[in-house]
file protein-v1.pdb (PDB, C-alpha atoms)
ATOM      1  CA  MET A  16      91.817 135.132  86.813
ATOM      2  CA  ARG A  17      90.845 133.593  83.482
ATOM      3  CA  PRO A  18      91.767 129.885  83.227
ATOM      4  CA  ASP A  19      93.650 130.522  79.981
ATOM      5  CA  THR A  20      95.904 133.203  81.491
ATOM      6  CA  PRO A  21      99.560 132.256  80.814
ATOM      7  CA  ALA A  22     101.332 131.183  84.003
ATOM      8  CA  GLU A  23     104.088 133.755  83.558
ATOM      9  CA  ASN A  24     101.504 136.551  83.610
ATOM     10  CA  VAL A  25      99.948 135.548  86.932
ATOM     11  CA  ASP A  26     100.682 137.475  90.121
ATOM     12  CA  HIS A  27     100.054 134.535  92.435
ATOM     13  CA  THR A  28     100.196 136.604  95.621
ATOM     14  CA  ALA A  29      97.644 139.087  94.311
ATOM     15  CA  GLU A  30      95.412 136.288  93.046
ATOM     16  CA  ALA A  31      95.525 134.587  96.467
ATOM     17  CA  ALA A  32      94.515 137.855  98.127
ATOM     18  CA  ARG A  33      91.639 138.289  95.662
ATOM     19  CA  LEU A  34      90.380 134.785  96.386
ATOM     20  CA  GLU A  35      90.541 135.407 100.142
ATOM     21  CA  ARG A  36      88.431 138.549  99.701
ATOM     22  CA  THR A  37      85.960 136.638  97.555
ATOM     23  CA  ALA A  38      85.694 133.952 100.249
ATOM     24  CA  GLY A  39      84.561 136.660 102.651
ATOM     25  CA  LEU A  40      81.709 137.534 100.285
ATOM     26  CA  TYR A  41      80.616 133.951  99.645
ATOM     27  CA  PRO A  42      80.948 131.969 102.891
ATOM     28  CA  GLU A  43      79.320 128.897 101.369
ATOM     29  CA  ASP A  44      82.263 128.637  98.952
ATOM     30  CA  THR A  45      85.006 129.373 101.495
ATOM     31  CA  GLU A  46      86.592 125.943 101.307
ATOM     32  CA  ALA A  47      86.967 125.868  97.527
ATOM     33  CA  LEU A  48      88.131 129.487  97.330
ATOM     34  CA  LEU A  49      90.710 129.225 100.129
ATOM     35  CA  LEU A  50      92.128 126.008  98.680
ATOM     36  CA  ARG A  51      92.671 127.841  95.397
ATOM     37  CA  ALA A  52      94.233 130.750  97.288
ATOM     38  CA  ALA A  53      96.589 128.372  99.098
ATOM     39  CA  ALA A  54      97.615 126.847  95.764
ATOM     40  CA  HIS A  55      98.530 130.304  94.456
ATOM     41  CA  LEU A  56     100.571 130.991  97.600
ATOM     42  CA  GLU A  57     102.466 127.741  97.090
ATOM     43  CA  LEU A  58     103.184 128.746  93.496
ATOM     44  CA  ALA A  59     104.363 132.128  94.761
ATOM     45  CA  GLY A  60     106.810 130.343  97.074
ATOM     46  CA  ASP A  61     105.048 131.540 100.225
ATOM     47  CA  ARG A  62     104.502 128.104 101.702
ATOM     48  CA  PRO A  63     104.106 129.265 105.329
ATOM     49  CA  ALA A  64     101.212 131.511 104.243
ATOM     50  CA  ALA A  65      99.637 128.561 102.427
ATOM     51  CA  THR A  66      99.888 126.498 105.614
ATOM     52  CA  THR A  67      98.131 129.316 107.473
ATOM     53  CA  LEU A  68      95.186 129.017 105.079
ATOM     54  CA  TYR A  69      95.071 125.237 105.479
ATOM     55  CA  ASP A  70      95.087 125.680 109.273
ATOM     56  CA  ARG A  71      92.317 128.268 108.984
ATOM     57  CA  LEU A  72      90.152 125.747 107.168
ATOM     58  CA  LEU A  73      90.996 122.917 109.562
ATOM     59  CA  SER A  74      90.063 125.072 112.547
ATOM     60  CA  SER A  75      86.417 124.758 111.463
ATOM     61  CA  LEU A  76      86.164 121.043 110.709
ATOM     62  CA  ASP A  77      82.381 120.976 111.096
ATOM     63  CA  GLY A  78      81.964 123.131 108.010
ATOM     64  CA  LEU A  79      84.461 121.290 105.798
ATOM     65  CA  GLU A  80      83.318 119.052 102.978
ATOM     66  CA  SER A  81      86.738 117.439 102.455
ATOM     67  CA  PRO A  82      88.876 117.661 105.622
ATOM     68  CA  ALA A  83      91.097 114.803 104.435
ATOM     69  CA  LEU A  84      91.862 116.729 101.253
ATOM     70  CA  VAL A  85      92.848 119.843 103.223
ATOM     71  CA  ARG A  86      95.090 117.752 105.503
ATOM     72  CA  ALA A  87      96.717 116.080 102.520
ATOM     73  CA  LEU A  88      97.464 119.415 100.857
ATOM     74  CA  LYS A  89      98.850 120.745 104.126
ATOM     75  CA  ALA A  90     101.124 117.712 104.512
ATOM     76  CA  SER A  91     102.435 118.003 100.965
ATOM     77  CA  ASN A  92     103.085 121.709 101.455
ATOM     78  CA  LEU A  93     104.797 121.279 104.844
ATOM     79  CA  TRP A  94     107.224 118.699 103.489
ATOM     80  CA  GLU A  95     108.295 121.112 100.760
ATOM     81  CA  TYR A  96     109.659 123.619 103.254
ATOM     82  CA  GLY A  97     111.342 121.390 105.766
ATOM     83  CA  HIS A  98     108.591 120.136 108.084
ATOM     84  CA  GLU A  99     109.042 116.480 107.191
ATOM     85  CA  ALA A 100     108.144 114.977 110.576
ATOM     86  CA  GLU A 101     104.837 116.841 110.768
ATOM     87  CA  ALA A 102     104.055 115.996 107.158
ATOM     88  CA  ARG A 103     104.693 112.296 107.764
ATOM     89  CA  ALA A 104     102.468 112.329 110.847
ATOM     90  CA  ILE A 105      99.608 113.860 108.852
ATOM     91  CA  ILE A 106     100.108 111.358 106.034
ATOM     92  CA  ASP A 107     100.014 108.451 108.497
ATOM     93  CA  GLY A 108      96.792 109.867 109.944
ATOM     94  CA  ILE A 109      95.168 110.132 106.523
ATOM     95  CA  ARG A 110      96.085 106.563 105.643
ATOM     96  CA  ALA A 111      94.690 105.339 108.974
ATOM     97  CA  ALA A 112      91.455 107.286 108.459
ATOM     98  CA  ALA A 113      91.011 105.707 104.994
ATOM     99  CA  PRO A 114      88.980 108.512 103.325
ATOM    100  CA  ARG A 115      86.555 107.534 100.589
ATOM    101  CA  ASP A 116      87.679 110.390  98.358
ATOM    102  CA  PRO A 117      90.556 109.435  96.014
ATOM    103  CA  ALA A 118      92.053 112.959  95.944
ATOM    104  CA  PRO A 119      93.715 112.865  99.426
ATOM    105  CA  TRP A 120      95.220 109.470  98.638
ATOM    106  CA  VAL A 121      96.706 110.753  95.381
ATOM    107  CA  ILE A 122      98.174 113.853  97.049
ATOM    108  CA  VAL A 123      99.872 112.016  99.916
ATOM    109  CA  ALA A 124     101.128 109.244  97.625
ATOM    110  CA  GLU A 125     102.596 111.817  95.235
ATOM    111  CA  ALA A 126     104.196 113.637  98.182
ATOM    112  CA  LEU A 127     105.917 110.386  99.166
ATOM    113  CA  GLU A 128     106.899 109.807  95.542
ATOM    114  CA  ALA A 129     108.335 113.324  95.202
ATOM    115  CA  HIS A 130     110.620 112.635  98.152
ATOM    116  CA  ASP A 131     111.842 109.291  96.786
ATOM    117  CA  GLU A 132     109.705 107.213  99.142
ATOM    118  CA  LEU A 133     108.660 105.004  96.222
ATOM    119  CA  GLY A 134     107.840 101.925  98.291
ATOM    120  CA  ALA A 135     105.590 103.894 100.633
ATOM    121  CA  ALA A 136     104.003 105.672  97.651
ATOM    122  CA  GLU A 137     103.183 102.358  96.004
ATOM    123  CA  GLU A 138     101.713 101.014  99.253
ATOM    124  CA  THR A 139      99.564 104.140  99.601
ATOM    125  CA  PHE A 140      98.266 103.976  96.039
ATOM    126  CA  THR A 141      97.495 100.268  96.500
ATOM    127  CA  GLU A 142      95.696 100.807  99.831
ATOM    128  CA  ALA A 143      93.475 103.358  98.115
ATOM    129  CA  ALA A 144      92.799 101.063  95.163
ATOM    130  CA  ARG A 145      91.732  98.239  97.482
ATOM    131  CA  LEU A 146      89.423 100.602  99.355
ATOM    132  CA  LEU A 147      87.866 102.508  96.480
ATOM    133  CA  LEU A 148      87.782 100.229  93.462
ATOM    134  CA  THR A 149      85.107  97.585  93.035
ATOM    135  CA  ASP A 150      85.939  94.573  90.906
ATOM    136  CA  GLY A 151      83.915  94.320  87.732
ATOM    137  CA  THR A 152      82.689  97.923  87.641
ATOM    138  CA  GLU A 153      83.972 100.889  85.658
ATOM    139  CA  PRO A 154      86.250 102.986  87.886
ATOM    140  CA  PRO A 155      84.851 106.490  88.497
ATOM    141  CA  TYR A 156      86.662 109.279  86.671
ATOM    142  CA  SER A 157      87.934 110.604  90.001
ATOM    143  CA  THR A 158      89.913 107.386  90.574
ATOM    144  CA  HIS A 159      91.826 107.557  87.282
ATOM    145  CA  PRO A 160      94.720 109.633  88.751
ATOM    146  CA  LEU A 161      94.978 106.998  91.482
ATOM    147  CA  LEU A 162      95.445 104.208  88.956
ATOM    148  CA  PHE A 163      97.789 106.246  86.764
ATOM    149  CA  GLY A 164      99.946 107.262  89.737
ATOM    150  CA  ARG A 165     100.122 103.686  90.979
ATOM    151  CA  HIS A 166     101.174 102.533  87.502
ATOM    152  CA  ARG A 167     103.906 105.193  87.377
ATOM    153  CA  VAL A 168     105.389 104.306  90.768
ATOM    154  CA  ARG A 169     105.291 100.571  90.109
ATOM    155  CA  ARG A 170     107.036 101.151  86.771
ATOM    156  CA  MET A 171     109.797 103.055  88.558
ATOM    157  CA  LEU A 172     110.106 100.234  91.077
ATOM    158  CA  GLY A 173     110.404  97.701  88.273
ATOM    159  CA  LEU A 174     107.375  95.703  89.443
ATOM    160  CA  ALA A 175     105.488  93.398  87.097
ATOM    161  CA  HIS A 176     102.100  94.498  85.802
ATOM    162  CA  ASP A 177      99.054  93.409  87.780
ATOM    163  CA  SER A 178      95.351  93.698  86.988
ATOM    164  CA  TRP A 179      95.133  97.319  88.152
ATOM    165  CA  ASP A 180      98.101  98.285  85.966
ATOM    166  CA  THR A 181      96.325  96.673  83.030
ATOM    167  CA  LEU A 182      93.170  98.594  83.919
ATOM    168  CA  ALA A 183      95.168 101.835  84.015
ATOM    169  CA  ASP A 184      96.507 101.065  80.523
ATOM    170  CA  THR A 185      92.939 100.522  79.323
ATOM    171  CA  LEU A 186      91.687 103.814  80.774
ATOM    172  CA  HIS A 187      94.613 105.809  79.363
ATOM    173  CA  SER A 188      93.488 107.344  76.068
ATOM    174  CA  SER A 189      96.732 108.912  74.831
ATOM    175  CA  SER A 190      98.475 107.721  71.675
ATOM    176  CA  VAL A 191     101.554 106.946  73.804
ATOM    177  CA  SER A 192     101.165 104.046  76.220
ATOM    178  CA  LEU A 193     101.504 104.450  79.983
ATOM    179  CA  ASP A 194     104.439 102.043  79.955
ATOM    180  CA  GLU A 195     106.293 104.402  77.649
ATOM    181  CA  LEU A 196     105.273 107.566  79.488
ATOM    182  CA  HIS A 197     106.299 106.061  82.826
ATOM    183  CA  ASP A 198     109.573 104.578  81.607
ATOM    184  CA  PRO A 199     112.199 105.527  84.246
ATOM    185  CA  LYS A 200     114.855 105.722  81.526
ATOM    186  CA  ARG A 201     113.103 108.632  79.828
ATOM    187  CA  VAL A 202     115.183 111.224  81.637
ATOM    188  CA  TRP A 203     118.301 109.850  79.997
ATOM    189  CA  SER A 204     116.947 110.608  76.545
ATOM    190  CA  LEU A 205     116.838 114.320  77.367
ATOM    191  CA  GLY A 206     120.618 114.365  77.411
ATOM    192  CA  SER A 207     121.005 112.195  74.343
ATOM    193  CA  ASP A 208     122.729 113.298  71.146
ATOM    194  CA  ASN A 209     120.651 110.838  69.142
ATOM    195  CA  PRO A 210     118.018 112.754  67.096
ATOM    196  CA  ALA A 211     115.709 109.730  67.034
ATOM    197  CA  GLU A 212     115.691 109.490  70.843
ATOM    198  CA  LEU A 213     115.040 113.214  71.183
ATOM    199  CA  GLU A 214     112.201 113.079  68.635
ATOM    200  CA  ALA A 215     110.629 110.163  70.502
ATOM    201  CA  GLU A 216     110.818 112.093  73.765
ATOM    202  CA  ILE A 217     109.190 115.129  72.143
ATOM    203  CA  SER A 218     106.324 112.867  71.021
ATOM    204  CA  ARG A 219     105.937 111.548  74.562
ATOM    205  CA  LEU A 220     105.916 115.063  76.020
ATOM    206  CA  ARG A 221     103.280 116.134  73.493
ATOM    207  CA  ALA A 222     101.143 113.148  74.501
ATOM    208  CA  GLU A 223     101.474 114.062  78.183
ATOM    209  CA  LEU A 224     100.594 117.678  77.449
ATOM    210  CA  GLY A 225      97.530 116.528  75.541
ATOM    211  CA  ALA A 226      96.412 114.421  78.504
ATOM    212  CA  TYR A 227      96.872 117.364  80.881
ATOM    213  CA  ARG A 228      94.916 119.652  78.557
ATOM    214  CA  GLU A 229      92.109 117.100  78.336
ATOM    215  CA  ALA A 230      91.917 116.933  82.125
ATOM    216  CA  LEU A 231      91.976 120.719  82.458
ATOM    217  CA  SER A 232      89.236 121.091  79.877
ATOM    218  CA  ARG A 233      86.924 119.402  82.384
ATOM    219  CA  PRO A 234      87.904 121.219  85.614
ATOM    220  CA  PHE A 235      84.576 120.405  87.240
ATOM    221  CA  PRO A 236      82.124 117.542  86.754
ATOM    222  CA  VAL A 237      79.246 117.356  84.332
ATOM    223  CA  ALA A 238      76.656 117.714  87.074
ATOM    224  CA  VAL A 239      72.994 116.843  87.422
ATOM    225  CA  LEU A 240      70.836 118.970  89.704
ATOM    226  CA  HIS A 241      69.353 117.351  92.827
ATOM    227  CA  TRP A 242      66.649 118.863  95.033
ATOM    228  CA  PRO A 243      66.050 117.457  98.550
ATOM    229  CA  ALA A 244      62.376 116.716  99.205
ATOM    230  CA  SER A 245      61.708 119.833 101.301
ATOM    231  CA  GLU A 246      63.457 122.103  98.792
ATOM    232  CA  LEU A 247      61.577 120.587  95.854
ATOM    233  CA  THR A 248      58.244 121.084  97.599
ATOM    234  CA  GLU A 249      59.093 124.734  98.266
ATOM    235  CA  LEU A 250      60.337 125.205  94.695
ATOM    236  CA  THR A 251      57.285 123.804  92.939
ATOM    237  CA  SER A 252      54.931 125.610  95.333
ATOM    238  CA  ALA A 253      56.577 128.946  94.608
ATOM    239  CA  TYR A 254      57.000 128.293  90.877
ATOM    240  CA  PRO A 255      54.212 125.995  89.639
ATOM    241  CA  ASP A 256      55.557 126.085  86.078
ATOM    242  CA  LEU A 257      58.357 123.782  87.258
ATOM    243  CA  SER A 258      55.907 121.076  88.358
ATOM    244  CA  ALA A 259      55.978 119.577  84.864
ATOM    245  CA  GLU A 260      59.755 119.169  85.226
ATOM    246  CA  TYR A 261      59.403 117.619  88.681
ATOM    247  CA  PRO A 262      56.139 115.610  88.932
ATOM    248  CA  SER A 263      57.258 113.994  92.217
ATOM    249  CA  HIS A 264      60.356 113.722  94.376
ATOM    250  CA  GLY A 265      60.643 109.971  93.790
ATOM    251  CA  GLU A 266      60.554 110.450  90.034
ATOM    252  CA  HIS A 267      63.095 113.265  90.347
ATOM    253  CA  LEU A 268      65.541 110.925  92.116
ATOM    254  CA  SER A 269      65.002 108.161  89.565
ATOM    255  CA  THR A 270      65.597 110.603  86.715
ATOM    256  CA  ILE A 271      68.898 111.732  88.244
ATOM    257  CA  GLU A 272      70.223 108.177  88.499
ATOM    258  CA  SER A 273      69.034 107.170  85.015
ATOM    259  CA  SER A 274      70.471 110.354  83.461
ATOM    260  CA  LEU A 275      73.859 109.766  85.039
ATOM    261  CA  ARG A 276      73.930 106.131  83.977
ATOM    262  CA  GLU A 277      73.068 107.158  80.425
ATOM    263  CA  LEU A 278      75.859 109.749  80.395
ATOM    264  CA  SER A 279      78.291 107.210  81.793
ATOM    265  CA  SER A 280      77.364 104.557  79.217
ATOM    266  CA  SER A 281      77.868 107.126  76.442
ATOM    267  CA  GLY A 282      81.467 107.613  77.597
ATOM    268  CA  THR A 283      81.081 110.947  79.393
ATOM    269  CA  PRO A 284      83.709 111.097  82.181
ATOM    270  CA  ASN A 285      83.802 113.111  85.399
ATOM    271  CA  LEU A 286      80.149 113.025  86.417
ATOM    272  CA  GLY A 287      78.676 114.553  89.543
ATOM    273  CA  ILE A 288      75.612 115.764  91.421
ATOM    274  CA  VAL A 289      74.938 119.245  92.782
ATOM    275  CA  THR A 290      72.296 119.922  95.415
ATOM    276  CA  GLY A 291      70.154 123.012  95.007
ATOM    277  CA  THR A 292      68.396 125.239  97.501
ATOM    278  CA  VAL A 293      65.556 127.612  96.713
ATOM    279  CA  PRO A 294      67.268 130.785  98.072
ATOM    280  CA  SER A 295      70.437 129.980  96.120
ATOM    281  CA  TYR A 296      68.439 129.300  92.960
ATOM    282  CA  GLU A 297      66.447 132.521  93.320
ATOM    283  CA  ALA A 298      69.662 134.500  93.787
ATOM    284  CA  PHE A 299      71.105 132.861  90.674
ATOM    285  CA  ALA A 300      67.964 133.699  88.667
ATOM    286  CA  ALA A 301      68.163 137.321  89.819
ATOM    287  CA  SER A 302      71.823 137.508  88.778
ATOM    288  CA  GLU A 303      70.811 136.258  85.323
ATOM    289  CA  GLY A 304      67.867 138.639  85.084
ATOM    290  CA  ALA A 305      65.545 135.678  84.588
ATOM    291  CA  SER A 306      62.482 134.207  86.279
ATOM    292  CA  PRO A 307      63.095 131.225  88.608
ATOM    293  CA  GLY A 308      60.126 129.587  86.887
ATOM    294  CA  ASP A 309      62.076 129.373  83.628
ATOM    295  CA  VAL A 310      62.935 125.678  83.183
ATOM    296  CA  THR A 311      65.884 126.492  80.884
ATOM    297  CA  LEU A 312      67.606 128.127  83.869
ATOM    298  CA  LEU A 313      67.954 124.824  85.756
ATOM    299  CA  PRO A 314      70.937 123.342  83.816
ATOM    300  CA  GLN A 315      72.729 126.706  83.978
ATOM    301  CA  TYR A 316      72.250 126.733  87.744
ATOM    302  CA  ALA A 317      73.646 123.184  87.973
ATOM    303  CA  THR A 318      76.707 124.144  85.936
ATOM    304  CA  THR A 319      77.299 127.208  88.094
ATOM    305  CA  LEU A 320      77.160 125.144  91.288
ATOM    306  CA  ALA A 321      79.602 122.630  89.800
ATOM    307  CA  ALA A 322      81.983 125.431  88.777
ATOM    308  CA  ARG A 323      81.896 126.692  92.367
ATOM    309  CA  GLY A 324      83.087 123.312  93.623
ATOM    310  CA  ARG A 325      79.689 122.173  94.940
ATOM    311  CA  ALA A 326      79.529 118.882  93.003
ATOM    312  CA  VAL A 327      79.933 115.468  94.589
ATOM    313  CA  VAL A 328      81.324 112.710  92.432
ATOM    314  CA  TRP A 329      78.983 110.121  90.942
ATOM    315  CA  PRO A 330      78.917 107.202  91.454
ATOM    316  CA  PRO A 331      79.762 107.348  95.172
ATOM    317  CA  GLN A 332      82.746 105.315  96.289
ATOM    318  CA  ARG A 333      82.211 101.803  97.587
ATOM    319  CA  GLY A 334      80.547 101.849 101.009
ATOM    320  CA  ALA A 335      79.672 105.554 100.819
ATOM    321  CA  ALA A 336      76.207 106.880 101.557
ATOM    322  CA  CYS A 337      73.866 107.310  98.619
ATOM    323  CA  TRP A 338      73.811 110.725  96.984
ATOM    324  CA  CYS A 339      70.034 111.035  97.544
ATOM    325  CA  GLY A 340      70.406 111.682 101.284
ATOM    326  CA  SER A 341      68.668 108.510 102.462
ATOM    327  CA  GLY A 342      71.625 107.600 104.667
ATOM    328  CA  MET A 343      71.750 104.119 103.116
ATOM    329  CA  PRO A 344      74.827 102.838 101.250
ATOM    330  CA  TYR A 345      74.626 103.614  97.555
ATOM    331  CA  GLU A 346      74.971  99.877  96.727
ATOM    332  CA  VAL A 347      71.622  99.094  98.386
ATOM    333  CA  CYS A 348      69.837 102.333  97.495
ATOM    334  CA  HIS A 349      69.919 103.850  94.014
ATOM    335  CA  ARG A 350      72.598 101.579  92.604
ATOM    336  CA  SER A 351      70.472  98.482  93.192
TER     337      SER A 351
END
call {"tool": "encode", "arguments": {"input": "protein-v1.pdb", "output": "structure tokens"}}
result
Amino acid sequence: MRPDTPAENVDHTAEAARLERTAGLYPEDTEALLLRAAAHLELAGDRPAATTLYDRLLSSLDGLESPALVRALKASNLWEYGHEAEARAIIDGIRAAAPRDPAPWVIVAEALEAHDELGAAEETFTEAARLLLTDGTEPPYSTHPLLFGRHRVRRMLGLAHDSWDTLADTLHSSSVSLDELHDPKRVWSLGSDNPAELEAEISRLRAELGAYREALSRPFPVAVLHWPASELTELTSAYPDLSAEYPSHGEHLSTIESSLRELSSSGTPNLGIVTGTVPSYEAFAASEGASPGDVTLLPQYATTLAARGRAVVWPPQRGAACWCGSGMPYEVCHRS
């Protein structure tokens, strides 16, 4: 399905079936493909079938990259068709596990919010902020929905702004402020007979739509390609022309970090790292009808891996292992 296909023209059940078939052809992408299939099933109203896909993924935890994300999506889905107790139990488990990925936190907090559990939603957003945000550093792009959601819930609860709310305001780039977008009284204006109130609400809706379009225009990170040491040795041995691009593994790692920092300082959001393997790269080159020794193929390969959901967010969350595979925390490895 093309990403610009109008929603009303999508057969969600057929698209879910297509994605399941594709997952059978590309086992390395099963998680990303089945999560998309489950989303289509939810949109089709077949929530039990979506739960079946989530359970299928959770039955093979060893192969999952984001088990907390799958659990969060399952909990949100279960609550929507009457399985509140099970959904709450999963949400409690996710909060106790304290994942380092912001996405599960956002999903469970929004599930609580959707069911008028505003106090619990605010607590969940705040727990995640304490865990994932480091004072004095720019919040990663992946944490922005966390801050925006927390701001929204606190606005509905009538709580005074704190430093994280102020940070959310700073990160929000729309012409309409977050305070205005998250005003709980907005719904009243939709029933107003006052043309000025209706015009103001139309402006707010346009601003929200613009923000959603901006987010959708970057559905996957701008990713830099990383080769583990053994893979890089195999790559440059098989394709000596690439040795000029990769003089040594240590220099390769330093270049990745410096490139990402440069992109970040230039204002590029949503950055990530994809890890390559020689067989995967050779298959990609064959699909493009190109030689693996062609250096111009490398960024295309990185983009393709990112589009397939293979990117990990940069910089890693506080306390997480460094992206380079050393096993050391990022703070004392490549961030230092």
call {"tool": "closest_residue", "arguments": {"input": "protein-v1.pdb", "among": "A:Ser81, A:Thr283, A:Ser91, A:Thr149", "to": "Ala47 of chain A", "atoms": "all atoms listed in the file"}}
result
A:Ser81
call {"tool": "closest_residue", "arguments": {"input": "protein-v1.pdb", "among": "A:Asp256, A:Glu138, A:Glu80, A:Asp180", "to": "Ser192 of chain A", "atoms": "all atoms listed in the file"}}
result
A:Asp180
call {"tool": "resolve_selection", "arguments": {"input": "protein-v1.pdb", "expression": "the PyMOL selection byres ((chain A and resi 167-178) around 9)", "output": "list in words"}}
result
Glu128, Leu133, Gly134, Ala136, Glu137, Phe140, Leu162, Phe163, Gly164, Arg165, His166, Trp179, Asp180, Thr181, Leu182, Ala183, Leu193, Asp194, Leu196, His197, Asp198 and Pro199 of chain A
call {"tool": "resolve_selection", "arguments": {"input": "protein-v1.pdb", "expression": "the PyMOL selection byres ((chain A and resi 86) around 10)", "output": "list in words"}}
result
Thr66, Tyr69, Asp70, Leu72, Leu73, Ser81, Pro82, Ala83, Leu84, Val85, Ala87, Leu88, Lys89, Ala90, Ser91, Asn92, Ala102, Ile105, Ile106, Gly108, Ile109, Pro119, Ile122 and Val123 of chain A
call {"tool": "closest_residue", "arguments": {"input": "protein-v1.pdb", "among": "A:Leu257, A:Ala326, A:Ala111, A:Leu34", "to": "Val239 of chain A", "atoms": "only C-alpha atoms"}}
result
A:Ala326
call {"tool": "resolve_selection", "arguments": {"input": "protein-v1.pdb", "expression": "the PyMOL selection byres ((chain A and resi 270) around 12)", "output": "list in words"}}
result
Val239, Leu240, His241, Trp242, Glu260, Tyr261, Pro262, Ser263, His264, Gly265, Glu266, His267, Leu268, Ser269, Ile271, Glu272, Ser273, Ser274, Leu275, Arg276, Glu277, Cys339 and His349 of chain A
call {"tool": "residues_around", "arguments": {"input": "protein-v1.pdb", "residues": "segment 286-290 of chain A", "least_positions_apart": "2", "cutoff": "7 Å", "atoms": "all atoms listed in the file", "output": "list in words"}}
result
Pro236, Val237, Ala238, Val239, Leu240, His241, Trp242, Pro284, Thr292, Ala317, Leu320, Ala321, Arg325, Ala326, Val327, Val328 and Trp329 of chain A
call {"tool": "residues_around", "arguments": {"input": "protein-v1.pdb", "residues": "Ala54 of chain A", "least_positions_apart": "3", "cutoff": "12 Å", "atoms": "all atoms listed in the file", "output": "ChimeraX atom specification"}}
result
/A:27-28,30-32,34-35,47-51,57-69,85,88-89,91-92
call {"tool": "axis_aligned_box", "arguments": {"input": "protein-v1.pdb", "around": "segment 243-259 of chain A", "padding_each_side": "4 Å", "output": "lines of an AutoDock Vina configuration file"}}
result
center_x = 60.1
center_y = 122.8
center_z = 93.1
size_x = 19.8
size_y = 20.2
size_z = 24.4
call {"tool": "atom_distance", "arguments": {"input": "protein-v1.pdb", "atom1": "atom CA of Glu43 of chain A", "atom2": "atom CA of Trp338 of chain A"}}
result
19.5 Å
call {"tool": "build_atoms", "arguments": {"input": "protein-v1.pdb", "residues": "segment 25-40 of chain A", "atoms": "N, CA and C atoms", "output": "compact mmCIF listing (two decimals), in the coordinates of the input"}}
result
# COMPACT_ATOMS: atom_id res chain seq x y z
N VAL A 25 100.77 135.62 85.73
CA VAL A 25 99.95 135.55 86.93
C VAL A 25 100.73 136.08 88.13
N ASP A 26 100.14 137.04 88.83
CA ASP A 26 100.68 137.48 90.12
C ASP A 26 100.01 136.60 91.17
N HIS A 27 100.68 135.52 91.57
CA HIS A 27 100.05 134.54 92.44
C HIS A 27 99.68 135.11 93.80
N THR A 28 100.50 136.01 94.32
CA THR A 28 100.20 136.60 95.62
C THR A 28 98.94 137.45 95.54
N ALA A 29 98.83 138.25 94.48
CA ALA A 29 97.64 139.09 94.31
C ALA A 29 96.40 138.24 94.07
N GLU A 30 96.55 137.16 93.31
CA GLU A 30 95.41 136.29 93.05
C GLU A 30 94.95 135.60 94.33
N ALA A 31 95.89 135.19 95.18
CA ALA A 31 95.52 134.59 96.47
C ALA A 31 94.75 135.59 97.33
N ALA A 32 95.21 136.83 97.34
CA ALA A 32 94.52 137.85 98.13
C ALA A 32 93.11 138.10 97.59
N ARG A 33 92.96 138.09 96.26
CA ARG A 33 91.64 138.29 95.66
C ARG A 33 90.70 137.16 96.05
N LEU A 34 91.21 135.93 96.03
CA LEU A 34 90.38 134.78 96.39
C LEU A 34 89.98 134.81 97.86
N GLU A 35 90.89 135.28 98.72
CA GLU A 35 90.54 135.41 100.14
C GLU A 35 89.42 136.43 100.33
N ARG A 36 89.50 137.54 99.60
CA ARG A 36 88.43 138.55 99.70
C ARG A 36 87.10 137.98 99.20
N THR A 37 87.17 137.23 98.11
CA THR A 37 85.96 136.64 97.56
C THR A 37 85.34 135.65 98.54
N ALA A 38 86.19 134.90 99.25
CA ALA A 38 85.69 133.95 100.25
C ALA A 38 84.90 134.66 101.34
N GLY A 39 85.30 135.89 101.67
CA GLY A 39 84.56 136.66 102.65
C GLY A 39 83.18 137.05 102.18
N LEU A 40 83.01 137.15 100.85
CA LEU A 40 81.71 137.53 100.28
C LEU A 40 80.79 136.34 100.10
